[in-house]
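Have a look at run_18.tsv; it's TSV, C-alpha atoms and all ligand atoms:
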chain	number	residue	atom	x	y	z
U	1	MET	CA	-5.33	-23.55	11.10
U	2	ASN	CA	-2.90	-22.61	8.35
U	3	LYS	CA	-3.08	-18.80	8.16
U	4	ALA	CA	-2.77	-18.85	4.37
U	5	LEU	CA	-6.15	-20.57	4.23
U	6	ILE	CA	-7.98	-17.70	5.92
U	7	LYS	CA	-9.87	-16.11	3.03
U	8	THR	CA	-10.62	-12.80	4.72
U	9	LEU	CA	-7.13	-11.40	5.05
U	10	ILE	CA	-8.07	-8.30	6.96
U	11	GLN	CA	-11.19	-7.70	9.01
U	12	VAL	CA	-11.64	-4.27	10.53
U	13	SER	CA	-14.43	-3.70	13.02
U	14	GLY	CA	-15.54	-0.63	14.89
U	15	LEU	CA	-12.33	1.26	14.16
U	16	SER	CA	-12.25	4.77	15.64
U	17	LYS	CA	-9.73	7.58	15.66
U	18	HIS	CA	-10.13	11.15	16.92
U	19	PHE	CA	-7.83	14.09	16.37
U	20	GLY	CA	-8.36	16.75	19.02
U	21	GLY	CA	-11.94	15.66	19.63
U	22	LEU	CA	-12.85	15.51	15.96
U	23	PRO	CA	-13.59	12.04	14.62
U	24	ALA	CA	-11.43	11.05	11.63
U	25	LEU	CA	-12.78	7.50	11.81
U	26	ALA	CA	-16.06	6.63	13.52
U	27	GLN	CA	-16.70	2.92	14.05
U	28	VAL	CA	-15.51	1.88	10.61
U	29	SER	CA	-15.83	-1.77	9.62
U	30	PHE	CA	-14.73	-3.44	6.41
U	31	SER	CA	-12.90	-6.50	5.21
U	32	ALA	CA	-10.46	-7.30	2.44
U	33	ALA	CA	-10.31	-10.72	0.80
U	34	ARG	CA	-7.05	-12.48	0.03
U	35	GLY	CA	-5.88	-12.07	-3.56
U	36	LYS	CA	-8.31	-9.23	-4.27
U	37	VAL	CA	-8.11	-5.48	-4.69
U	38	THR	CA	-10.28	-3.63	-2.17
U	39	ALA	CA	-10.60	0.08	-2.91
U	40	LEU	CA	-11.28	2.71	-0.27
U	41	ILE	CA	-12.78	5.82	-1.77
U	42	GLY	CA	-14.38	8.98	-0.43
U	43	PRO	CA	-14.09	12.76	-0.61
U	44	ASN	CA	-11.09	14.59	0.83
U	45	GLY	CA	-10.96	14.30	4.59
U	46	ALA	CA	-13.10	11.14	4.59
U	47	GLY	CA	-10.51	9.30	6.71
U	48	LYS	CA	-8.92	7.10	4.05
U	49	THR	CA	-5.29	7.87	4.89
U	50	THR	CA	-6.07	7.68	8.61
U	51	LEU	CA	-7.45	4.19	8.02
U	52	LEU	CA	-4.30	3.12	6.13
U	53	ASN	CA	-2.20	4.64	8.91
U	54	CYS	CA	-4.06	2.55	11.48
U	55	LEU	CA	-3.66	-0.60	9.36
U	56	SER	CA	0.09	-0.07	8.96
U	57	GLY	CA	0.75	0.90	12.58
U	58	VAL	CA	1.72	4.50	11.76
U	59	ILE	CA	-0.96	5.69	14.20
U	60	ARG	CA	-2.81	3.95	17.03
U	61	PRO	CA	-6.58	3.74	16.69
U	62	ASP	CA	-8.61	4.85	19.74
U	63	GLY	CA	-10.79	1.79	19.53
U	64	GLY	CA	-11.80	-1.15	17.40
U	65	GLU	CA	-10.21	-4.26	16.04
U	66	ILE	CA	-7.98	-5.00	13.05
U	67	LEU	CA	-7.78	-8.73	12.48
U	68	PHE	CA	-4.96	-9.65	10.12
U	69	GLU	CA	-4.91	-13.37	9.34
U	70	GLY	CA	-7.05	-13.78	12.42
U	71	GLU	CA	-4.74	-11.87	14.78
U	72	ASN	CA	-5.62	-8.45	16.24
U	73	ILE	CA	-2.91	-6.01	15.14
U	74	ALA	CA	-4.65	-2.77	16.23
U	75	GLY	CA	-2.10	-0.58	17.99
U	76	LEU	CA	0.90	-2.69	16.98
U	77	ALA	CA	4.05	-0.67	16.13
U	78	ALA	CA	4.77	-0.06	12.44
U	79	HIS	CA	7.93	-2.19	12.31
U	80	LYS	CA	6.05	-5.15	13.81
U	81	VAL	CA	3.21	-4.72	11.33
U	82	ALA	CA	5.79	-4.64	8.51
U	83	ARG	CA	7.35	-7.84	9.79
U	84	LEU	CA	3.95	-9.55	9.63
U	85	GLY	CA	3.95	-8.83	5.89
U	86	ILE	CA	2.01	-5.58	5.48
U	87	SER	CA	3.71	-3.07	3.19
U	88	ARG	CA	2.55	0.30	1.92
U	89	THR	CA	3.13	3.36	-0.21
U	90	PHE	CA	2.47	6.91	0.92
U	91	GLN	CA	0.18	9.61	-0.42
U	92	ASN	CA	3.08	12.04	-0.16
U	93	LEU	CA	6.08	10.19	-1.53
U	94	ARG	CA	8.55	8.88	1.01
U	95	ILE	CA	11.66	7.95	-0.89
U	96	PHE	CA	15.28	8.68	-0.02
U	97	PRO	CA	16.24	11.20	-2.73
U	98	ARG	CA	20.02	10.84	-2.33
U	99	LEU	CA	20.02	7.05	-2.33
U	100	SER	CA	20.04	5.19	-5.61
U	101	VAL	CA	16.84	3.72	-6.98
U	102	LEU	CA	18.25	0.26	-6.23
U	103	ASP	CA	19.06	1.16	-2.62
U	104	ASN	CA	15.57	2.62	-2.15
U	105	VAL	CA	14.09	-0.68	-3.23
U	106	LEU	CA	16.59	-2.65	-1.13
U	107	CYS	CA	15.16	-0.78	1.88
U	108	GLY	CA	11.98	-2.75	1.29
U	109	LEU	CA	13.94	-5.92	1.96
U	110	THR	CA	15.53	-4.85	5.25
U	111	VAL	CA	12.54	-6.29	7.08
U	112	GLN	CA	13.93	-9.69	6.12
U	113	ALA	CA	17.66	-8.95	6.19
U	114	GLU	CA	18.55	-9.16	9.83
U	115	THR	CA	22.28	-8.65	9.92
U	116	SER	CA	24.19	-8.43	13.20
U	117	LEU	CA	26.77	-5.69	13.67
U	118	LEU	CA	29.60	-8.24	13.84
U	119	GLU	CA	28.44	-9.81	10.59
U	120	ALA	CA	28.22	-6.42	8.93
U	121	LEU	CA	31.81	-5.62	9.99
U	122	LEU	CA	33.32	-8.97	9.06
U	123	ARG	CA	31.22	-9.46	5.93
U	124	PRO	CA	31.58	-13.24	5.91
U	125	PRO	CA	30.92	-15.06	2.59
U	126	ALA	CA	27.43	-16.03	3.73
U	127	LEU	CA	26.54	-12.36	4.21
U	128	ARG	CA	28.04	-11.37	0.87
U	129	HIS	CA	26.05	-14.14	-0.72
U	130	ARG	CA	22.87	-12.87	0.97
U	131	GLU	CA	23.59	-9.31	-0.17
U	132	ARG	CA	23.98	-10.51	-3.74
U	133	ARG	CA	20.70	-12.37	-3.49
U	134	LEU	CA	18.89	-9.33	-2.09
U	135	LYS	CA	20.30	-7.17	-4.89
U	136	LEU	CA	19.11	-9.66	-7.47
U	137	THR	CA	15.63	-9.65	-5.92
U	138	ALA	CA	15.58	-5.84	-5.93
U	139	MET	CA	16.76	-5.75	-9.56
U	140	GLU	CA	13.97	-8.13	-10.52
U	141	ALA	CA	11.45	-5.82	-8.85
U	142	LEU	CA	12.95	-2.82	-10.67
U	143	ASP	CA	12.58	-4.71	-13.92
U	144	THR	CA	8.91	-5.50	-13.20
U	145	PHE	CA	8.21	-1.85	-12.36
U	146	GLY	CA	10.02	-0.54	-15.44
U	147	LEU	CA	12.96	0.98	-13.60
U	148	ALA	CA	15.85	-1.39	-14.30
U	149	ASP	CA	17.68	1.09	-16.53
U	150	LYS	CA	17.56	3.68	-13.76
U	151	ALA	CA	18.81	1.47	-10.92
U	152	GLY	CA	21.90	3.60	-10.32
U	153	TRP	CA	20.18	6.99	-10.49
U	154	PRO	CA	19.70	9.01	-7.31
U	155	ALA	CA	15.98	8.54	-6.69
U	156	GLY	CA	15.52	12.30	-6.26
U	157	ALA	CA	16.57	12.88	-9.87
U	158	LEU	CA	13.74	10.80	-11.34
U	159	PRO	CA	10.57	12.23	-12.88
U	160	TYR	CA	7.55	12.12	-10.53
U	161	GLY	CA	5.93	9.10	-12.21
U	162	ASP	CA	9.11	7.06	-11.82
U	163	LYS	CA	9.35	8.04	-8.13
U	164	LYS	CA	5.84	6.71	-7.55
U	165	ARG	CA	6.87	3.42	-9.15
U	166	VAL	CA	10.02	3.27	-6.97
U	167	GLU	CA	7.72	3.33	-3.94
U	168	MET	CA	5.57	0.60	-5.44
U	169	ALA	CA	8.60	-1.56	-6.22
U	170	ARG	CA	9.79	-1.08	-2.62
U	171	ALA	CA	6.35	-2.03	-1.30
U	172	PHE	CA	6.19	-5.25	-3.35
U	173	VAL	CA	9.83	-6.40	-3.28
U	174	SER	CA	9.48	-8.16	0.09
U	175	GLN	CA	6.68	-10.45	-1.14
U	176	PRO	CA	4.21	-8.87	1.28
U	177	VAL	CA	1.00	-10.57	2.35
U	178	LEU	CA	-0.91	-7.29	2.05
U	179	THR	CA	-0.01	-4.03	0.34
U	180	LEU	CA	-1.66	-0.70	1.09
U	181	LEU	CA	-1.50	1.83	-1.76
U	182	ASP	CA	-2.32	5.44	-0.86
U	183	GLU	CA	-3.23	7.33	-4.05
U	184	PRO	CA	-0.71	5.64	-6.36
U	185	VAL	CA	-1.68	7.71	-9.42
U	186	ALA	CA	-2.21	11.11	-7.79
U	187	GLY	CA	-0.39	13.72	-9.86
U	188	LEU	CA	0.39	11.35	-12.72
U	189	ASN	CA	-0.38	12.04	-16.38
U	190	PRO	CA	-2.76	9.68	-18.25
U	191	GLU	CA	0.10	7.63	-19.70
U	192	GLU	CA	1.76	7.09	-16.31
U	193	THR	CA	-1.66	6.38	-14.76
U	194	ALA	CA	-2.30	3.64	-17.32
U	195	ARG	CA	1.11	2.19	-16.53
U	196	VAL	CA	0.37	2.03	-12.79
U	197	ALA	CA	-3.09	0.56	-13.48
U	198	ALA	CA	-1.42	-2.20	-15.51
U	199	LEU	CA	1.04	-2.85	-12.65
U	200	ILE	CA	-1.78	-3.13	-10.11
U	201	ARG	CA	-3.54	-5.61	-12.39
U	202	GLN	CA	-0.28	-7.53	-12.81
U	203	MET	CA	0.25	-7.71	-9.03
U	204	ARG	CA	-3.31	-8.96	-8.67
U	205	LEU	CA	-2.62	-11.67	-11.24
U	206	TYR	CA	0.40	-12.65	-9.13
U	207	GLY	CA	-2.08	-13.19	-6.30
U	208	LYS	CA	-1.21	-10.07	-4.31
U	209	THR	CA	-3.78	-8.65	-1.92
U	210	MET	CA	-4.14	-4.88	-2.04
U	211	VAL	CA	-6.07	-2.15	-0.30
U	212	LEU	CA	-6.16	0.81	-2.66
U	213	VAL	CA	-6.99	4.38	-1.72
U	214	GLU	CA	-7.54	6.42	-4.85
U	215	HIS	CA	-9.36	9.44	-6.21
U	216	ASP	CA	-9.12	8.42	-9.84
U	217	MET	CA	-12.50	6.74	-10.33
U	218	GLU	CA	-11.59	5.26	-13.67
U	219	LEU	CA	-8.65	3.49	-12.05
U	220	VAL	CA	-10.73	2.36	-9.06
U	221	MET	CA	-13.50	0.99	-11.24
U	222	GLY	CA	-10.99	-0.68	-13.56
U	223	VAL	CA	-8.85	-2.57	-11.05
U	224	SER	CA	-10.96	-3.16	-7.93
U	225	ASP	CA	-12.92	-6.23	-6.92
U	226	ARG	CA	-14.73	-4.42	-4.15
U	227	VAL	CA	-15.16	-0.79	-3.20
U	228	VAL	CA	-15.73	0.62	0.28
U	229	VAL	CA	-16.89	4.24	0.52
U	230	LEU	CA	-16.04	6.51	3.44
U	231	ASP	CA	-17.47	9.95	4.11
U	232	GLY	CA	-16.72	12.06	7.16
U	233	GLY	CA	-15.04	9.14	8.93
U	234	SER	CA	-17.94	6.72	8.44
U	235	ARG	CA	-18.51	3.95	5.99
U	236	ILE	CA	-21.47	4.91	3.81
U	237	ALA	CA	-21.43	2.13	1.23
U	238	ALA	CA	-19.65	-1.01	0.05
U	239	GLY	CA	-20.06	-3.34	-2.90
U	240	THR	CA	-18.84	-4.14	-6.38
U	241	PRO	CA	-17.64	-1.17	-8.46
U	242	ASP	CA	-20.96	-1.20	-10.35
U	243	GLU	CA	-23.06	-1.27	-7.17
U	244	VAL	CA	-21.11	1.60	-5.65
U	245	ARG	CA	-21.15	3.68	-8.82
U	246	THR	CA	-24.94	3.74	-8.86
U	247	ASN	CA	-25.50	4.02	-5.09
U	248	PRO	CA	-27.42	7.28	-4.41
U	249	LEU	CA	-25.61	7.82	-1.08
U	250	VAL	CA	-22.28	7.71	-2.86
U	251	LEU	CA	-23.43	10.05	-5.60
U	252	GLU	CA	-24.64	12.46	-2.94
U	253	ALA	CA	-21.33	12.32	-1.03
U	254	TYR	CA	-19.45	13.13	-4.20
U	255	LEU	CA	-21.90	15.57	-5.75
U	256	GLY	CA	-20.09	18.69	-6.81
U	257	ARG	CA	-16.85	17.32	-5.46
U	258	MET	CA	-15.95	14.72	-8.04
U	259	SER	CA	-17.47	12.73	-10.86
U	260	VAL	CA	-18.36	9.10	-10.37
U	261	THR	CA	-19.30	8.61	-13.98
U	262	ALA	CA	-16.06	6.95	-15.11
U	301	LIG	N1	-2.28	13.90	12.18
U	301	LIG	C1	-3.46	14.54	12.16
U	301	LIG	N2	-3.74	15.49	13.07
U	301	LIG	C2	-4.94	16.13	13.07
U	301	LIG	N3	-5.94	15.86	12.21
U	301	LIG	C3	-5.71	14.93	11.28
U	301	LIG	C4	-4.47	14.21	11.21
U	301	LIG	N4	-4.54	13.32	10.17
U	301	LIG	C5	-5.77	13.48	9.64
U	301	LIG	N5	-6.47	14.43	10.29
U	301	LIG	C6	-7.86	14.85	10.00
U	301	LIG	O1	-8.63	13.67	9.90
U	301	LIG	C7	-9.55	13.76	8.83
U	301	LIG	C8	-9.32	12.64	7.85
U	301	LIG	O2	-8.10	12.85	7.16
U	301	LIG	P1	-7.48	11.82	6.15
U	301	LIG	O3	-7.48	10.47	6.75
U	301	LIG	O4	-6.16	12.36	5.72
U	301	LIG	O5	-8.53	11.88	4.96
U	301	LIG	P2	-8.42	11.38	3.44
U	301	LIG	O6	-7.18	10.58	3.28
U	301	LIG	O7	-9.67	10.59	3.22
U	301	LIG	O8	-8.42	12.63	2.60
U	301	LIG	C9	-9.39	15.15	8.25
U	301	LIG	O9	-10.33	15.99	8.82
U	301	LIG	C10	-7.98	15.53	8.64
U	301	LIG	O10	-7.86	16.92	8.76
U	302	MG	MG	-5.48	10.80	2.09
Now, as a test, write the supplied structure out as structure tokens.
Ligand SMILES: Nc1ncnc2c1ncn2[C@@H]1O[C@H](COP(=O)(O)OP(=O)(O)O)[C@@H](O)[C@H]1O
Ligand SMILES: [Mg+2]
Amino acid sequence: MNKALIKTLIQVSGLSKHFGGLPALAQVSFSAARGKVTALIGPNGAGKTTLLNCLSGVIRPDGGEILFEGENIAGLAAHKVARLGISRTFQNLRIFPRLSVLDNVLCGLTVQAETSLLEALLRPPALRHRERRLKLTAMEALDTFGLADKAGWPAGALPYGDKKRVEMARAFVSQPVLTLLDEPVAGLNPEETARVAALIRQMRLYGKTMVLVEHDMELVMGVSDRVVVLDGGSRIAAGTPDEVRTNPLVLEAYLGRMSVTA
């Protein structure tokens, strides 16, 4: 079967991960549909980042299955997961501060650009042509993410909000099949937050599939098709934003910790 026809892009079942005997994920199951935004929410320490780390191959789960386009990728190394078309951003920014904004985004294309050492040394016309094409692609992504005028800046010199968008541009530049966003608006002011929300909506309109971890409930409720709630490493609820917002279990998990009224 053509993989692109599989509607459930990612199907996680019974995923577990322990750190020193303490469960960070306990038998978590959820799925994400192609072309949709699936949000993962939950109080601090719920296991959201651990789940994204398992999905992207940053850490190995202890047990369970992660079916991506029907293939089990649980335990696969990060570079192999990336090659299958799963990209991500990080809760704590991971950009190269001394590299230019353009070069940071070009890094997102290295998954595709397999250049041999000999080619790199000789720089034949075909390679130069490919480099030009990659640069054009990266510039287009910078334009989409509102960073074209800062392409030559060292990424470290950008304001925080711009840095977050550099990571997003890098995550989307390779035309990924699935993108994992770990708290894309954390630390951003309302204006920057609205900008990122608009970009997420734009990517969704382009047909991109996203799994979004976020604390900002207004953002989650505004851009997500489906919300999965984790608490203490377990899934406690899942449904449409409206269903989750009014679920007593969710309200209880958040009570005193955060407002779900947005
Ligand atoms: N590398 C690690 N080593 C030890 N404990 C960890 C590690 N990563 C996460 N944890 C623990 O796992 C739990 C879930 O963390 P995390 O996935 O970061 O939660 P969230 O992203 O939902 O805030 C927490 O109790 C955290 O302390
Ligand atoms: Mg986290």
For ligand MG 302 (chain U), return the neighbouring residues as a ChimeraX atom specification (distance at most 12 Å; only C-alpha atoms and all ligand atoms). /U:24,40-53,89-92,181-184,186,212-215,230,233
Residues near Val223 (chain U), cut-off 12 Å, all atoms listed in the file, skip fewer than 6 positions along chain, as a list of chain:residue names: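 Contacts, in chain order: U:Lys36, U:Val37, U:Thr38, U:Ala39, U:Ala194, U:Val196, U:Ala197, U:Ala198, U:Leu199, U:Ile200, U:Arg201, U:Gln202, U:Met203, U:Arg204, U:Leu205, U:Met210, U:Val211, U:Leu212, U:Val213, U:Glu214, U:Asp216, U:Met217, U:Thr240, U:Pro241.
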What does the distance between CA of Thr179 (chain U) and CA of Arg88 (chain U) come to in Å, to one decimal place?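 Distance reported for this atom pair: 5.3 Å.
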Shortest contact to ligand LIG 301 (chain U), candidates U:Leu5, U:Ala26, U:Ala148, U:Val12, atoms counted all atoms listed in the file, goes to U:Ala26
Could you please determine the separation between CA of Ala4 (chain U) and CA of Ala237 (chain U) in Å, to one decimal place?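 So the two atoms, CA of Ala4 (chain U) and CA of Ala237 (chain U), lie 28.3 Å apart.
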Return as AutoDock Vina command-line options the centre and edge lengths, in Å with one decimal, of the box along x, y and z that encloses every atom of region 159-176 of chain U in the file, padded by 6 Å per side.
--center_x 7.4 --center_y 0.9 --center_z -5.8 --size_x 18.4 --size_y 34.7 --size_z 26.2
Calculated over all atoms listed in the file, which of the candidates U:Gly156, U:Gly35, U:Gly20, U:Gly207 has the smallest distance to Arg98 (chain U)?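 Looking at the shortest contact to Arg98 (chain U), the residue is U:Gly156.
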Using all atoms listed in the file, which residue out of U:Arg133, U:Arg128, U:Arg60, U:Arg165 lies closest to ligand LIG 301 (chain U)?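 Nearest candidate to ligand LIG 301 (chain U) out of U:Arg133, U:Arg128, U:Arg60, U:Arg165: U:Arg60.
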From the options U:Ile6, U:Leu249, U:Leu84, U:Leu55, which residue's atoms come nearest to ligand LIG 301 (chain U), counting all atoms listed in the file?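 The answer is U:Leu55, which sits nearest to ligand LIG 301 (chain U).
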Nearest to Trp153 (chain U), restricted to only C-alpha atoms and choosing among U:Leu178, U:Val166, U:Cys107, U:Val185, comes out as U:Val166
Calculated over only C-alpha atoms and all ligand atoms, which of the candidates U:Ala157, U:Leu9, U:Leu122, U:Cys54 has the smallest distance to ligand LIG 301 (chain U)?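 Of U:Ala157, U:Leu9, U:Leu122, U:Cys54, the one nearest ligand LIG 301 (chain U), counting only C-alpha atoms and all ligand atoms, is U:Cys54.
Between CA of Val105 (chain U) and CA of Glu192 (chain U) there is a distance of 19.6 Å.
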Give me, as a list in words, all polymer residues having an atom no more than 9 Å from Lys150 (chain U), counting all atoms listed in the file and skipping those fewer than 4 positions away in the same chain.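 The residues satisfying every condition are Ser100, Val101, Leu102, Leu142, Gly146, Pro154, Ala155 and Leu158 of chain U.
Residues lying within 12 Å of Gly63 (chain U), counting all atoms listed in the file and ignoring same-chain neighbours fewer than 4 positions away, are Val12, Ser13, Gly14, Leu15, Ser16, Lys17, His18, Pro23, Leu25, Ala26, Gln27, Val28, Ser29, Cys54, Ile59, Asn72, Ile73, Ala74 and Gly75 of chain U.
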